[in-house]
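Shown below: work.tsv, with TSV, C-alpha atoms.
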```
chain	number	residue	atom	x	y	z
U	182	MET	CA	81.65	103.21	78.04
U	183	ALA	CA	80.20	103.52	81.54
U	184	TRP	CA	82.16	104.04	84.75
U	185	VAL	CA	80.90	103.01	88.18
U	186	GLU	CA	82.15	104.13	91.59
U	187	ALA	CA	80.99	103.21	95.10
U	188	ALA	CA	80.37	106.00	97.61
U	189	PRO	CA	80.76	104.41	101.06
U	190	ALA	CA	78.88	105.93	103.99
U	191	LYS	CA	81.03	107.70	106.55
U	192	LEU	CA	80.95	107.15	110.31
U	193	ASN	CA	82.50	109.23	113.07
U	194	LEU	CA	83.53	106.60	115.60
U	195	ALA	CA	84.40	109.47	117.93
U	196	LEU	CA	83.99	113.23	117.54
U	197	HIS	CA	85.55	115.65	120.00
U	198	VAL	CA	84.72	119.33	119.57
U	199	ARG	CA	87.63	121.35	120.95
U	200	ALA	CA	86.86	124.98	120.11
U	201	ARG	CA	84.68	127.37	118.17
U	202	MET	CA	86.91	129.26	115.75
U	203	PRO	CA	86.57	132.95	114.75
U	204	ASP	CA	85.37	132.02	111.25
U	205	GLY	CA	82.37	130.23	112.75
U	206	TYR	CA	83.69	126.71	112.14
U	207	HIS	CA	84.71	124.35	114.91
U	208	ARG	CA	88.03	122.69	115.59
U	209	ILE	CA	87.42	118.98	115.96
U	210	GLU	CA	89.25	115.70	116.45
U	211	THR	CA	87.51	112.68	114.96
U	212	LEU	CA	88.05	109.13	113.83
U	213	PHE	CA	86.55	108.52	110.40
U	214	ALA	CA	85.51	105.04	109.31
U	215	PHE	CA	83.63	103.85	106.24
U	216	THR	CA	81.08	101.14	105.59
U	217	ARG	CA	80.41	98.69	102.80
U	218	PHE	CA	76.94	100.26	102.60
U	219	GLY	CA	76.65	103.46	100.57
U	220	ASP	CA	75.52	105.21	97.42
U	221	GLU	CA	76.54	104.23	93.88
U	222	LEU	CA	77.60	106.65	91.16
U	223	SER	CA	77.85	105.82	87.47
U	224	ALA	CA	78.61	107.98	84.44
U	225	ILE	CA	78.66	107.93	80.66
U	226	PRO	CA	80.17	110.56	78.32
U	227	ALA	CA	77.84	113.42	77.41
U	228	GLN	CA	77.84	116.87	75.81
U	229	ALA	CA	77.17	118.64	79.12
U	230	TRP	CA	77.00	117.83	82.81
U	231	ARG	CA	73.81	116.04	83.76
U	232	LEU	CA	72.72	114.34	86.97
U	233	GLU	CA	69.97	111.77	87.46
U	234	VAL	CA	69.20	110.73	91.05
U	235	THR	CA	67.34	107.52	91.87
U	236	GLY	CA	67.04	105.30	94.92
U	237	PRO	CA	65.11	105.44	98.20
U	238	TRP	CA	66.41	108.89	99.23
U	239	ALA	CA	66.34	110.55	95.79
U	240	SER	CA	63.51	112.94	96.67
U	241	ALA	CA	65.43	114.26	99.69
U	242	ALA	CA	68.64	114.92	97.76
U	243	GLY	CA	67.65	118.46	96.76
U	244	PRO	CA	67.89	120.22	93.38
U	245	ASP	CA	70.62	119.17	90.97
U	246	ARG	CA	72.31	122.58	91.02
U	247	ASP	CA	73.06	122.14	94.73
U	248	ASN	CA	74.15	118.50	94.51
U	249	LEU	CA	77.77	117.88	95.43
U	250	VAL	CA	78.19	115.53	92.47
U	251	LEU	CA	77.95	118.40	89.99
U	252	ARG	CA	79.93	120.75	92.22
U	253	ALA	CA	82.69	118.15	92.44
U	254	ALA	CA	82.61	117.59	88.69
U	255	GLU	CA	83.01	121.31	88.03
U	256	ALA	CA	85.84	121.56	90.58
U	257	PHE	CA	87.62	118.64	88.91
U	258	ALA	CA	87.24	120.21	85.46
U	259	ARG	CA	88.68	123.51	86.71
U	260	ALA	CA	91.62	121.79	88.40
U	261	THR	CA	92.51	119.65	85.39
U	262	ALA	CA	91.31	121.89	82.53
U	263	SER	CA	89.36	118.87	81.29
U	264	LYS	CA	86.72	119.49	78.63
U	265	ALA	CA	85.11	116.07	79.11
U	266	ARG	CA	81.52	116.08	80.33
U	267	PHE	CA	79.39	113.25	81.71
U	268	HIS	CA	75.87	112.17	82.49
U	269	PHE	CA	75.88	110.95	86.08
U	270	ARG	CA	73.42	108.56	87.65
U	271	LEU	CA	73.41	108.52	91.44
U	272	VAL	CA	71.66	105.75	93.36
U	273	LYS	CA	70.90	107.49	96.66
U	274	ARG	CA	70.80	104.94	99.48
U	275	ILE	CA	72.38	107.02	102.28
U	276	PRO	CA	69.82	109.10	104.21
U	277	VAL	CA	70.15	112.86	103.82
U	278	ALA	CA	71.25	115.07	106.76
U	279	ALA	CA	71.91	111.91	108.75
U	280	GLY	CA	75.53	112.16	109.96
U	281	LEU	CA	76.69	109.61	107.38
U	282	GLY	CA	78.38	112.05	104.99
U	283	GLY	CA	76.26	111.08	102.01
U	284	GLY	CA	76.89	114.25	100.04
U	285	SER	CA	80.59	114.17	100.88
U	286	ALA	CA	80.82	110.51	99.85
U	287	ASP	CA	79.11	111.32	96.54
U	288	ALA	CA	81.49	114.21	95.87
U	289	ALA	CA	84.54	112.06	96.59
U	290	ALA	CA	83.20	109.28	94.36
U	291	THR	CA	82.79	111.85	91.59
U	292	LEU	CA	86.44	112.89	91.86
U	293	ARG	CA	87.64	109.28	91.80
U	294	LEU	CA	85.40	108.39	88.86
U	295	LEU	CA	86.46	111.41	86.79
U	296	ASN	CA	90.12	110.77	87.53
U	297	ARG	CA	89.71	107.31	85.98
U	298	ALA	CA	87.37	108.30	83.17
U	299	THR	CA	89.53	111.19	81.94
U	300	GLN	CA	92.83	109.40	82.68
U	301	ALA	CA	93.95	112.55	84.50
U	302	GLY	CA	96.38	110.57	86.66
U	303	LEU	CA	95.87	112.69	89.78
U	304	SER	CA	97.31	111.34	93.01
U	305	LEU	CA	95.29	110.77	96.16
U	306	ALA	CA	96.78	113.97	97.59
U	307	ASP	CA	95.73	115.87	94.45
U	308	LEU	CA	92.16	114.63	94.77
U	309	GLU	CA	92.09	115.49	98.48
U	310	ALA	CA	93.21	119.03	97.65
U	311	ILE	CA	90.27	119.44	95.26
U	312	ALA	CA	87.98	117.81	97.82
U	313	ALA	CA	88.94	120.35	100.51
U	314	SER	CA	87.10	123.06	98.57
U	315	LEU	CA	83.88	121.04	98.66
U	316	GLY	CA	83.45	120.37	102.38
U	317	ALA	CA	85.27	119.39	105.55
U	318	ASP	CA	84.42	115.67	105.28
U	319	VAL	CA	85.11	115.28	101.56
U	320	PRO	CA	88.92	114.78	101.80
U	321	ALA	CA	88.44	111.85	104.19
U	322	CYS	CA	85.89	110.32	101.81
U	323	VAL	CA	88.35	110.36	98.90
U	324	ALA	CA	90.30	107.40	100.28
U	325	SER	CA	87.33	106.02	102.28
U	326	ARG	CA	89.76	104.48	104.76
U	327	THR	CA	89.88	104.72	108.54
U	328	ALA	CA	91.62	107.98	109.38
U	329	ARG	CA	92.00	110.51	112.16
U	330	GLY	CA	90.75	113.97	111.19
U	331	GLU	CA	91.70	117.27	112.82
U	332	GLY	CA	91.11	120.95	112.13
U	333	ARG	CA	87.69	121.05	110.50
U	334	GLY	CA	88.20	117.35	109.76
U	335	GLU	CA	90.28	117.91	106.63
U	336	ARG	CA	93.71	117.32	108.21
U	337	LEU	CA	94.09	113.56	107.96
U	338	GLN	CA	96.38	110.97	109.48
U	339	PRO	CA	96.19	107.20	108.82
U	340	ALA	CA	94.58	105.07	111.52
U	341	PRO	CA	94.60	101.31	112.10
U	342	PRO	CA	92.03	99.55	109.88
U	343	LEU	CA	88.86	98.04	111.28
U	344	ALA	CA	87.86	96.13	108.14
U	345	GLY	CA	85.16	93.50	108.62
U	346	MET	CA	83.81	94.90	111.90
U	347	PRO	CA	80.01	94.42	111.87
U	348	VAL	CA	77.97	97.57	112.40
U	349	LEU	CA	74.27	98.32	112.63
U	350	LEU	CA	73.13	101.79	111.53
U	351	VAL	CA	69.81	103.14	112.79
U	352	ASN	CA	68.13	106.44	111.99
U	353	PRO	CA	64.70	107.43	113.39
U	354	ARG	CA	63.88	109.10	110.06
U	355	VAL	CA	64.53	112.65	111.23
U	356	ALA	CA	66.86	115.01	109.37
U	357	VAL	CA	69.19	116.98	111.63
U	358	PRO	CA	70.90	119.93	109.89
U	359	THR	CA	74.58	120.19	110.78
U	360	GLY	CA	74.59	123.95	111.45
U	361	PRO	CA	72.05	124.02	114.29
U	362	VAL	CA	73.68	121.00	115.97
U	363	PHE	CA	77.11	122.63	116.03
U	364	ALA	CA	75.51	125.91	117.13
U	365	GLY	CA	74.00	124.07	120.08
U	366	TRP	CA	77.36	122.77	121.33
U	367	ASP	CA	77.84	124.06	124.88
U	368	GLY	CA	81.37	125.35	124.22
U	369	VAL	CA	83.01	123.10	126.83
U	370	ASP	CA	86.29	121.48	125.74
U	371	ARG	CA	86.17	118.03	127.31
U	372	GLY	CA	89.62	117.03	126.17
U	373	PRO	CA	91.45	115.53	123.20
U	374	LEU	CA	90.76	112.34	121.32
U	375	GLY	CA	93.42	109.85	122.36
U	376	LYS	CA	94.64	106.83	120.45
U	377	ASP	CA	91.84	104.70	121.91
U	378	PHE	CA	88.65	105.79	120.14
U	379	TRP	CA	86.68	103.28	122.23
U	380	ALA	CA	87.21	105.64	125.16
U	381	GLY	CA	86.15	108.66	123.13
U	382	ARG	CA	82.79	110.38	122.76
U	383	ASN	CA	80.63	112.42	120.41
U	384	ASP	CA	80.38	115.93	121.79
U	385	LEU	CA	77.43	116.74	119.53
U	386	GLU	CA	75.08	114.11	120.95
U	387	ALA	CA	73.58	116.40	123.60
U	388	SER	CA	72.89	119.18	121.11
U	389	ALA	CA	71.35	116.78	118.57
U	390	ILE	CA	69.17	115.18	121.24
U	391	GLY	CA	68.02	118.66	122.28
U	392	LEU	CA	66.75	119.19	118.73
U	393	GLU	CA	65.43	115.65	118.22
U	394	PRO	CA	64.87	113.78	121.52
U	395	VAL	CA	64.14	110.55	119.66
U	396	ILE	CA	67.91	110.18	119.12
U	397	ALA	CA	68.23	109.31	122.81
U	398	GLU	CA	65.72	106.50	122.26
U	399	VAL	CA	67.80	105.15	119.38
U	400	LEU	CA	70.97	105.16	121.50
U	401	ALA	CA	69.17	103.41	124.36
U	402	PHE	CA	67.83	100.75	121.99
U	403	LEU	CA	71.28	100.07	120.52
U	404	ARG	CA	72.87	99.86	123.97
U	405	SER	CA	70.36	97.16	124.88
U	406	LEU	CA	71.54	94.85	122.09
U	407	ALA	CA	73.60	91.80	122.91
U	408	GLY	CA	77.02	92.01	121.33
U	409	ALA	CA	77.08	95.79	120.98
U	410	ARG	CA	80.69	96.79	121.63
U	411	LEU	CA	80.31	100.52	121.06
U	412	VAL	CA	77.21	102.68	120.61
U	413	ARG	CA	77.40	106.33	119.52
U	414	MET	CA	75.80	108.88	117.27
U	415	SER	CA	77.67	109.55	114.03
U	416	GLY	CA	78.61	113.11	113.13
U	417	SER	CA	75.87	115.61	113.85
U	418	GLY	CA	73.21	112.86	113.74
U	419	ALA	CA	70.64	111.58	113.66
U	420	THR	CA	72.09	108.20	112.64
U	421	CYS	CA	73.47	106.12	115.49
U	422	PHE	CA	75.53	102.94	115.26
U	423	ALA	CA	76.37	99.80	117.23
U	424	LEU	CA	79.72	98.20	116.48
U	425	GLY	CA	79.70	94.42	116.79
U	426	VAL	CA	76.07	94.04	115.72
U	427	ARG	CA	74.73	93.44	112.22
U	428	THR	CA	71.05	92.61	112.71
U	429	ALA	CA	68.36	93.40	115.27
U	430	ASP	CA	64.60	93.71	115.63
U	431	VAL	CA	64.56	97.48	115.07
U	432	PRO	CA	61.43	99.41	116.09
U	433	GLN	CA	58.96	99.90	113.27
U	434	GLY	CA	59.41	103.11	111.32
U	435	TRP	CA	63.13	103.53	111.97
U	436	TRP	CA	65.48	103.27	109.01
U	437	HIS	CA	68.27	100.75	109.54
U	438	VAL	CA	70.92	98.74	107.72
U	439	GLY	CA	73.37	96.10	108.83
U	440	THR	CA	76.80	96.28	107.19
U	441	GLU	CA	80.52	96.17	108.01
U	442	LEU	CA	83.45	98.56	108.12
U	443	LEU	CA	85.85	98.78	105.20
```

Can you turn what I pasted into structure tokens?
Amino acid sequence: MAWVEAAPAKLNLALHVRARMPDGYHRIETLFAFTRFGDELSAIPAQAWRLEVTGPWASAAGPDRDNLVLRAAEAFARATASKARFHFRLVKRIPVAAGLGGGSADAAATLRLLNRATQAGLSLADLEAIAASLGADVPACVASRTARGEGRGERLQPAPPLAGMPVLLVNPRVAVPTGPVFAGWDGVDRGPLGKDFWAGRNDLEASAIGLEPVIAEVLAFLRSLAGARLVRMSGSGATCFALGVRTADVPQGWWHVGTELL
């Protein structure tokens, strides 16, 4: 029997960086949203863990031993004492190091898939607890629903749904590592994220643009589109989005996809 699980791409509709903490992480306030576009994970029973990666971004996914799919599988097995093992096949459609939480989405999909495949019966809260050990964005990706994130992003509160909202994602095909972008934050607390994310901001845009100036060109292009209701960079970049737009004549060479929010 084969199991299949979608891994929706994550967006940060707003991302406020409030402080740099002593442990080197940053205290943030963000609004997570998820798209119909994403990766796809499937699995069949096997004698040992195995991962096969295909799709347009497979070559950028890194070695299997570092992939969050296998790390999530091992964390699930430890938490549940499960002896079951699986051969995973990941179709990698989400660009790597792009601010779309691809690795986090894949890890969360792994936890959901294994919970079904092994009939472990873990609750959403149980899965989020396992997810917290895998990365700050992984707990939000477990439910893949609009949510407000605080702390490092792992403290979640429900937020009003935005299902069906068209969104255009554009990436200039540059990978922006998260660490250097956060390190480039200027340390200025510009205030909390209120209930109205439309009035929010992404405090990492300036740092990301400093590393990859082409991101400013992407934002300017998206702001020029008719119907664009909100244009921002997602996460630490370099993917930017325009809410309210699904298609556009995107400059040649830039990766893009039109989709909708879940």

Next on the checklist: What's around U:Ala278 at 10 Å? Count only C-alpha atoms, leave out sequence neighbours fewer than 4 positions away in its own chain, and write the answer as an MDAnalysis selection string.
Outcome noted: chainID U and resid 241:242 282:284 355:359 416:420

Next on the checklist: With distances taken over only C-alpha atoms, which residue among U:Val250, U:Val272, U:Ala227, U:Val395 lies nearest U:Val351?
Outcome noted: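 Closest to U:Val351, using only C-alpha atoms: U:Val395.
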
Checklist entry - Looking at all atoms listed in the file, which of U:Ala190, U:Ala387, U:Leu212, U:Leu196 is the one that sits closest to U:Gln338? => result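 Nearest candidate to U:Gln338 out of U:Ala190, U:Ala387, U:Leu212, U:Leu196: U:Leu212.
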
Checklist entry - Neighbours of stretch 370-385 of chain U within 9 Å (all atoms listed in the file; same-chain residues fewer than 5 positions away dropped), as a ChimeraX atom specification? => result /U:193-200,209-212,362-363,365,390,410-411,413-418

Axis-aligned box over every listed atom of stretch 427-441 of chain U, padded by 5 Å per side: centre and edges in Å to one decimal, as lines of an AutoDock Vina configuration file?
```
center_x = 69.7
center_y = 98.1
center_z = 111.6
size_x = 31.6
size_y = 20.9
size_z = 18.9
```
